[in-house]
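One file, work_0.cif, is given below (mmCIF, C-alpha atoms).
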data_my_file
#
loop_
_atom_site.label_atom_id
_atom_site.label_comp_id
_atom_site.auth_asym_id
_atom_site.auth_seq_id
_atom_site.Cartn_x
_atom_site.Cartn_y
_atom_site.Cartn_z
CA MET A 10 0.00 0.00 0.00
CA SER A 11 1.37 3.45 -0.91
CA THR A 12 2.31 5.91 1.83
CA PRO A 13 -0.08 8.90 2.06
CA LEU A 14 1.32 12.20 0.82
CA ASN A 15 2.52 14.33 3.73
CA ALA A 16 0.91 17.61 2.66
CA ASP A 17 0.89 20.63 4.99
CA LEU A 18 -1.13 23.35 3.32
CA HIS A 19 -1.67 25.86 6.13
CA CYS A 20 1.00 27.81 8.03
CA HIS A 21 2.10 31.38 8.73
CA SER A 22 5.33 33.39 8.52
CA VAL A 23 6.51 36.76 9.83
CA ASN A 24 4.66 38.28 6.88
CA SER A 25 1.47 37.86 8.93
CA ASP A 26 1.34 36.48 12.49
CA GLY A 27 3.97 33.72 12.48
CA THR A 28 7.43 33.98 14.03
CA LEU A 29 9.56 32.29 11.33
CA THR A 30 10.52 33.52 7.87
CA PRO A 31 9.32 31.64 4.78
CA THR A 32 12.86 30.31 4.37
CA GLU A 33 12.90 28.99 7.95
CA LEU A 34 9.47 27.41 7.47
CA ALA A 35 10.61 25.63 4.31
CA ALA A 36 13.60 24.18 6.17
CA ARG A 37 11.36 23.05 9.04
CA ALA A 38 8.84 21.49 6.66
CA HIS A 39 11.63 19.61 4.88
CA ALA A 40 13.15 18.41 8.17
CA ASN A 41 9.73 17.13 9.29
CA GLY A 42 9.18 15.10 6.13
CA VAL A 43 6.65 17.32 4.36
CA ASP A 44 6.18 16.35 0.69
CA LEU A 45 3.89 19.21 -0.39
CA TRP A 46 3.87 22.58 1.34
CA ALA A 47 1.97 25.88 1.18
CA LEU A 48 2.57 29.15 3.04
CA THR A 49 -0.82 30.73 3.80
CA ASP A 50 -0.25 34.10 5.46
CA HIS A 51 -3.26 36.13 6.58
CA ASP A 52 -4.48 38.47 3.82
CA GLU A 53 -0.96 38.70 2.38
CA VAL A 54 1.04 37.14 -0.46
CA ALA A 55 4.31 39.03 0.08
CA GLY A 56 6.09 35.88 1.26
CA GLN A 57 5.19 33.72 -1.73
CA ALA A 58 8.27 34.37 -3.86
CA GLU A 59 10.61 33.62 -0.95
CA ALA A 60 8.61 30.52 0.03
CA LEU A 61 8.72 29.15 -3.51
CA GLN A 62 12.47 29.75 -3.80
CA ALA A 63 13.11 28.10 -0.42
CA ALA A 64 10.89 25.14 -1.27
CA ARG A 65 12.85 24.58 -4.48
CA ALA A 66 16.13 24.74 -2.56
CA HIS A 67 14.93 21.88 -0.34
CA GLY A 68 13.32 19.85 -3.13
CA LEU A 69 9.86 20.50 -1.66
CA ARG A 70 6.81 20.55 -3.88
CA TYR A 71 4.98 23.83 -3.33
CA LEU A 72 1.53 25.39 -3.77
CA THR A 73 0.98 29.12 -3.45
CA GLY A 74 -1.27 30.01 -0.54
CA VAL A 75 -3.14 32.68 1.40
CA GLU A 76 -5.67 32.78 4.26
CA ILE A 77 -8.34 35.41 3.65
CA SER A 78 -10.47 36.82 6.48
CA VAL A 79 -14.17 37.07 5.64
CA THR A 80 -17.24 38.02 7.63
CA PHE A 81 -20.10 35.52 7.47
CA ALA A 82 -23.16 35.71 9.76
CA ASP A 83 -21.26 38.31 11.85
CA VAL A 84 -18.46 35.80 12.48
CA THR A 85 -14.90 35.99 11.14
CA VAL A 86 -14.32 32.96 8.91
CA HIS A 87 -11.05 32.10 7.18
CA ILE A 88 -10.84 30.93 3.58
CA VAL A 89 -7.57 29.38 2.43
CA GLY A 90 -6.58 29.83 -1.20
CA LEU A 91 -4.23 27.30 -2.82
CA GLY A 92 -2.52 27.15 -6.18
CA PHE A 93 -3.53 30.61 -7.45
CA ASP A 94 -1.39 33.10 -9.36
CA HIS A 95 0.12 35.12 -6.51
CA THR A 96 1.04 37.95 -8.91
CA ASP A 97 -2.59 38.49 -10.00
CA PRO A 98 -3.31 42.22 -9.41
CA ARG A 99 -6.95 41.48 -8.58
CA MET A 100 -5.85 39.35 -5.61
CA ALA A 101 -3.39 42.02 -4.49
CA GLU A 102 -6.03 44.74 -4.66
CA GLY A 103 -8.61 42.68 -2.77
CA LEU A 104 -6.17 41.77 -0.02
CA ALA A 105 -5.05 45.39 0.34
CA ASP A 106 -8.65 46.44 0.91
CA THR A 107 -9.08 43.65 3.48
CA ARG A 108 -5.93 44.67 5.39
CA ASP A 109 -6.81 48.36 5.61
CA GLY A 110 -8.94 47.91 8.71
CA ARG A 111 -6.30 46.16 10.81
CA GLY A 112 -4.35 49.28 11.82
CA PRO A 113 -7.25 51.30 13.31
CA ARG A 114 -8.62 48.13 14.90
CA ALA A 115 -5.28 47.48 16.60
CA VAL A 116 -5.14 51.01 18.00
CA GLU A 117 -8.59 50.52 19.51
CA MET A 118 -7.52 47.16 20.97
CA GLY A 119 -4.61 48.93 22.67
CA GLU A 120 -6.93 51.60 24.05
CA GLN A 121 -9.25 48.94 25.50
CA LEU A 122 -6.36 47.12 27.16
CA ALA A 123 -5.08 50.40 28.62
CA LYS A 124 -8.50 50.98 30.21
CA ALA A 125 -8.21 47.47 31.69
CA GLY A 126 -4.92 48.46 33.35
CA ILE A 127 -2.48 47.26 30.67
CA PRO A 128 -0.79 50.33 29.14
CA GLY A 129 1.48 50.25 26.09
CA ALA A 130 -0.05 47.16 24.51
CA TYR A 131 -0.30 48.61 21.00
CA GLU A 132 3.32 49.75 21.03
CA GLY A 133 4.36 46.44 22.58
CA ALA A 134 2.50 44.44 19.95
CA LEU A 135 4.21 46.40 17.18
CA LYS A 136 7.56 44.92 18.25
CA TYR A 137 6.33 41.50 17.11
CA VAL A 138 4.98 42.59 13.73
CA GLY A 139 7.02 41.77 10.66
CA ASN A 140 4.44 43.67 8.61
CA PRO A 141 2.78 46.60 10.49
CA ARG A 142 -0.24 46.52 8.16
CA LEU A 143 -0.99 43.03 9.45
CA ILE A 144 -0.92 43.66 13.20
CA ALA A 145 -3.29 41.13 14.77
CA ARG A 146 -4.32 39.50 18.03
CA PRO A 147 -1.35 37.07 18.25
CA HIS A 148 1.01 40.07 18.34
CA PHE A 149 -0.87 41.48 21.34
CA ALA A 150 -0.86 38.01 22.91
CA ARG A 151 2.94 37.79 22.69
CA PHE A 152 3.23 41.18 24.40
CA LEU A 153 0.91 40.08 27.21
CA VAL A 154 2.99 36.94 27.77
CA GLU A 155 6.32 38.80 27.56
CA THR A 156 5.21 41.35 30.17
CA GLY A 157 3.90 38.67 32.54
CA VAL A 158 0.24 39.61 32.29
CA CYS A 159 -0.47 36.02 31.22
CA ARG A 160 1.53 32.79 31.49
CA ASP A 161 0.98 31.76 27.87
CA THR A 162 -1.06 32.60 24.81
CA ALA A 163 -3.78 30.12 25.81
CA GLU A 164 -4.39 32.17 28.97
CA VAL A 165 -4.42 35.37 26.88
CA PHE A 166 -7.26 34.06 24.75
CA ARG A 167 -9.23 33.04 27.82
CA LYS A 168 -8.97 36.45 29.50
CA TYR A 169 -8.41 38.99 26.72
CA LEU A 170 -8.91 39.72 23.02
CA VAL A 171 -12.04 37.56 22.63
CA GLU A 172 -15.66 38.64 22.57
CA GLY A 173 -16.81 39.96 25.95
CA LYS A 174 -13.22 40.42 27.23
CA PRO A 175 -10.87 43.47 27.25
CA GLY A 176 -9.12 44.11 23.95
CA TYR A 177 -11.76 42.56 21.70
CA VAL A 178 -12.61 44.70 18.69
CA PRO A 179 -14.64 43.17 15.85
CA HIS A 180 -13.69 43.87 12.26
CA ARG A 181 -15.65 43.66 9.03
CA TRP A 182 -13.62 41.62 6.59
CA ALA A 183 -14.11 40.67 2.95
CA ARG A 184 -17.31 39.06 1.71
CA LEU A 185 -17.26 35.30 1.24
CA GLY A 186 -18.02 35.52 -2.48
CA ASP A 187 -15.26 38.07 -3.06
CA ALA A 188 -12.61 35.94 -1.33
CA VAL A 189 -13.55 32.85 -3.33
CA LYS A 190 -13.51 34.90 -6.54
CA TRP A 191 -10.03 36.32 -5.90
CA ILE A 192 -8.72 32.77 -5.47
CA THR A 193 -10.54 31.06 -8.31
CA GLN A 194 -10.01 33.79 -10.92
CA GLY A 195 -6.27 33.32 -10.32
CA GLY A 196 -6.55 29.60 -11.08
CA GLY A 197 -6.65 28.40 -7.47
CA VAL A 198 -8.92 26.40 -5.20
CA ALA A 199 -10.76 27.94 -2.22
CA VAL A 200 -10.90 25.97 1.04
CA ILE A 201 -12.86 26.59 4.26
CA ALA A 202 -10.21 26.70 7.01
CA HIS A 203 -10.62 24.86 10.36
CA PRO A 204 -14.45 24.85 10.30
CA ALA A 205 -14.84 23.51 13.85
CA ARG A 206 -13.46 26.74 15.26
CA TYR A 207 -16.42 28.91 14.28
CA LYS A 208 -18.99 27.53 16.73
CA PHE A 209 -21.85 28.02 14.28
CA THR A 210 -25.23 26.45 14.83
CA ALA A 211 -25.99 23.56 12.50
CA THR A 212 -28.16 25.87 10.40
CA GLU A 213 -25.47 28.58 10.14
CA GLU A 214 -22.81 26.03 9.25
CA TYR A 215 -25.00 24.52 6.55
CA ALA A 216 -25.55 28.02 5.16
CA LEU A 217 -21.78 28.67 5.13
CA PHE A 218 -21.02 25.45 3.25
CA SER A 219 -23.91 25.99 0.84
CA GLU A 220 -23.01 29.57 -0.01
CA PHE A 221 -19.31 28.70 -0.26
CA LYS A 222 -20.09 25.96 -2.77
CA GLN A 223 -22.39 28.28 -4.76
CA HIS A 224 -19.57 30.82 -5.08
CA GLY A 225 -17.23 28.17 -6.48
CA GLY A 226 -15.48 26.95 -3.33
CA GLN A 227 -14.11 23.45 -3.72
CA GLY A 228 -12.44 22.35 -0.48
CA VAL A 229 -12.59 22.14 3.31
CA GLU A 230 -9.86 21.55 5.89
CA VAL A 231 -10.58 18.20 7.45
CA VAL A 232 -7.33 17.50 9.28
CA THR A 233 -5.84 20.58 10.94
CA GLY A 234 -4.13 21.54 14.18
CA ALA A 235 -7.39 22.91 15.60
CA HIS A 236 -9.45 19.75 14.97
CA SER A 237 -9.85 16.77 17.28
CA PRO A 238 -9.98 13.29 15.69
CA GLN A 239 -13.77 13.37 16.11
CA GLU A 240 -14.00 16.75 14.38
CA ALA A 241 -11.85 15.47 11.51
CA LEU A 242 -14.34 12.63 10.99
CA ARG A 243 -17.26 15.04 11.18
CA TYR A 244 -15.84 17.33 8.51
CA ALA A 245 -14.89 14.35 6.40
CA ASP A 246 -18.61 13.61 6.35
CA MET A 247 -19.34 17.27 5.49
CA ALA A 248 -16.83 17.09 2.63
CA ARG A 249 -18.63 14.05 1.23
CA GLU A 250 -22.08 15.62 1.70
CA PHE A 251 -21.15 18.81 -0.14
CA GLY A 252 -18.85 17.23 -2.71
CA LEU A 253 -15.79 19.11 -1.44
CA ALA A 254 -12.16 18.06 -1.61
CA ALA A 255 -10.35 17.58 1.72
CA SER A 256 -7.36 19.63 2.81
CA ARG A 257 -4.76 19.06 5.51
CA GLY A 258 -2.72 21.74 7.28
CA SER A 259 -1.17 22.29 10.70
CA ASP A 260 -1.94 26.03 10.94
CA PHE A 261 1.61 26.33 12.31
CA HIS A 262 2.59 29.78 13.62
CA SER A 263 5.53 29.30 15.97
CA PRO A 264 7.66 26.59 17.57
CA ASP A 265 6.63 27.95 20.98
CA GLU A 266 2.90 28.45 20.39
CA SER A 267 1.47 25.96 17.93
CA HIS A 268 -0.37 22.78 18.95
CA VAL A 269 0.98 20.79 16.02
CA ASP A 270 4.30 21.16 14.22
CA LEU A 271 4.64 21.35 10.45
CA GLY A 272 4.09 17.98 8.82
CA LEU A 273 3.11 16.08 11.98
CA LEU A 274 -0.62 15.73 11.37
CA PRO A 275 -2.48 12.43 11.01
CA PRO A 276 -3.48 11.42 7.48
CA LEU A 277 -6.80 12.31 5.89
CA PRO A 278 -9.64 9.88 6.60
CA ASP A 279 -10.32 7.32 3.88
CA GLY A 280 -12.69 7.90 1.01
CA LEU A 281 -11.99 11.60 0.44
CA THR A 282 -10.67 13.51 -2.56
CA PRO A 283 -7.44 15.26 -1.48
CA VAL A 284 -7.48 18.92 -2.48
CA TRP A 285 -4.04 18.56 -4.08
CA SER A 286 -5.50 16.15 -6.62
CA LEU A 287 -7.37 19.18 -8.06
CA LEU A 288 -4.15 21.19 -8.24
CA GLN A 289 -1.61 18.89 -9.90
CA ALA A 290 -0.95 21.40 -12.69
CA ARG A 291 -0.38 24.21 -10.13
CA ILE A 292 2.27 22.44 -8.02
CA HIS A 293 5.75 23.96 -8.34
#
Any chance you could put this one into structure tokens?
Amino acid sequence: MSTPLNADLHCHSVNSDGTLTPTELAARAHANGVDLWALTDHDEVAGQAEALQAARAHGLRYLTGVEISVTFADVTVHIVGLGFDHTDPRMAEGLADTRDGRGPRAVEMGEQLAKAGIPGAYEGALKYVGNPRLIARPHFARFLVETGVCRDTAEVFRKYLVEGKPGYVPHRWARLGDAVKWITQGGGVAVIAHPARYKFTATEEYALFSEFKQHGGQGVEVVTGAHSPQEALRYADMAREFGLAASRGSDFHSPDESHVDLGLLPPLPDGLTPVWSLLQARIH
């Protein structure tokens, strides 16, 4: 029996909210036995050229990637794009519009934390940002850990930066249909990222999958760092029900913070169409 392909199609670099460069991620993926890799920074494709070059240097097969923030039913949902043309100006323009709200949102997050007795959080978070336009909650979390406010990032996201807690500021992201269009018009495949994280009702989740499919979405993450084995089986069933291909990605951000390292995920459940089978012509 053939060995399953070790594909890791979801991770982040310093170009968004990770702590390693694309070059360092490629080396880590190679060391961990990854066969097919994608860098999927939040709302940013600036690291794609470096990632592709580093993948080639290690003999890694590579798919271009991005993770686009969208608002659906007043919830932030992430859509991963794979195998698209990362130089497409329509993608660049759409992502620029999506990023524009992060700066003012971060300032307001800092103001909220100051009112809660934690001054200097915005300035502290900036120290962790490789790209100031992409300042996000993990950068604030690292500041709160560094200054001893919390023991680790898990404690941060129990006490701060989430709905109903100090530092939470909602943001209106791209529309679902726009994100899928930016990916597909560049020749790529759109994938719903870590669906178990969104805590939708069954009706809301069905609406998400239905609308996603109507817009041309073709995949869903089944095996990911945020999913339990039971959740992986559940979304395997959802993939079959909606006729979606299955993706696999660790959602790796940092050696010190991530639940699962690059390339160390279990295989996809049986009977699914791997998303990379739709993208053979787009693999570098």
Two-atom distance - CA of Phe261 (chain A), CA of Ser22 (chain A) (Å):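 CA of Ser22 (chain A) lies at a distance of 8.8 Å from CA of Phe261 (chain A).
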Result set, the PyMOL selection byres ((chain A and resi 110) around 12) on current file, as a PyMOL selection string: chain A and resi 52+78+104-109+111-117+141-145+178-183
Within 9 Å of Val23 (chain A) using only C-alpha atoms, minus same-chain residues under 5 positions, as a count of residues only: 11
Picked residues, the PyMOL selection byres ((chain A and resi 64-69) around 12), expected as a PyMOL selection string: chain A and resi 15-17+31-48+57-63+70-73+292-293
Residues selected by the PyMOL selection byres ((chain A and resi 228-231) around 8), written as a PyMOL selection string: chain A and resi 198-204+226-227+232-233+236+240-242+244-245+248+253-258+277+284
Best match for closeness to Pro175 (chain A) among A:Leu271, A:Ala134, A:Ala188, A:Ala125, counting only C-alpha atoms: A:Ala125
Surrounding residues of Leu122 (chain A) excluding itself and chain neighbours under 2 positions, 10 Å, all atoms listed in the file, as JSON, numbers by chain: {"A": [117, 118, 119, 120, 124, 125, 126, 127, 128, 129, 130, 131, 149, 169, 170, 174, 175, 176, 177]}
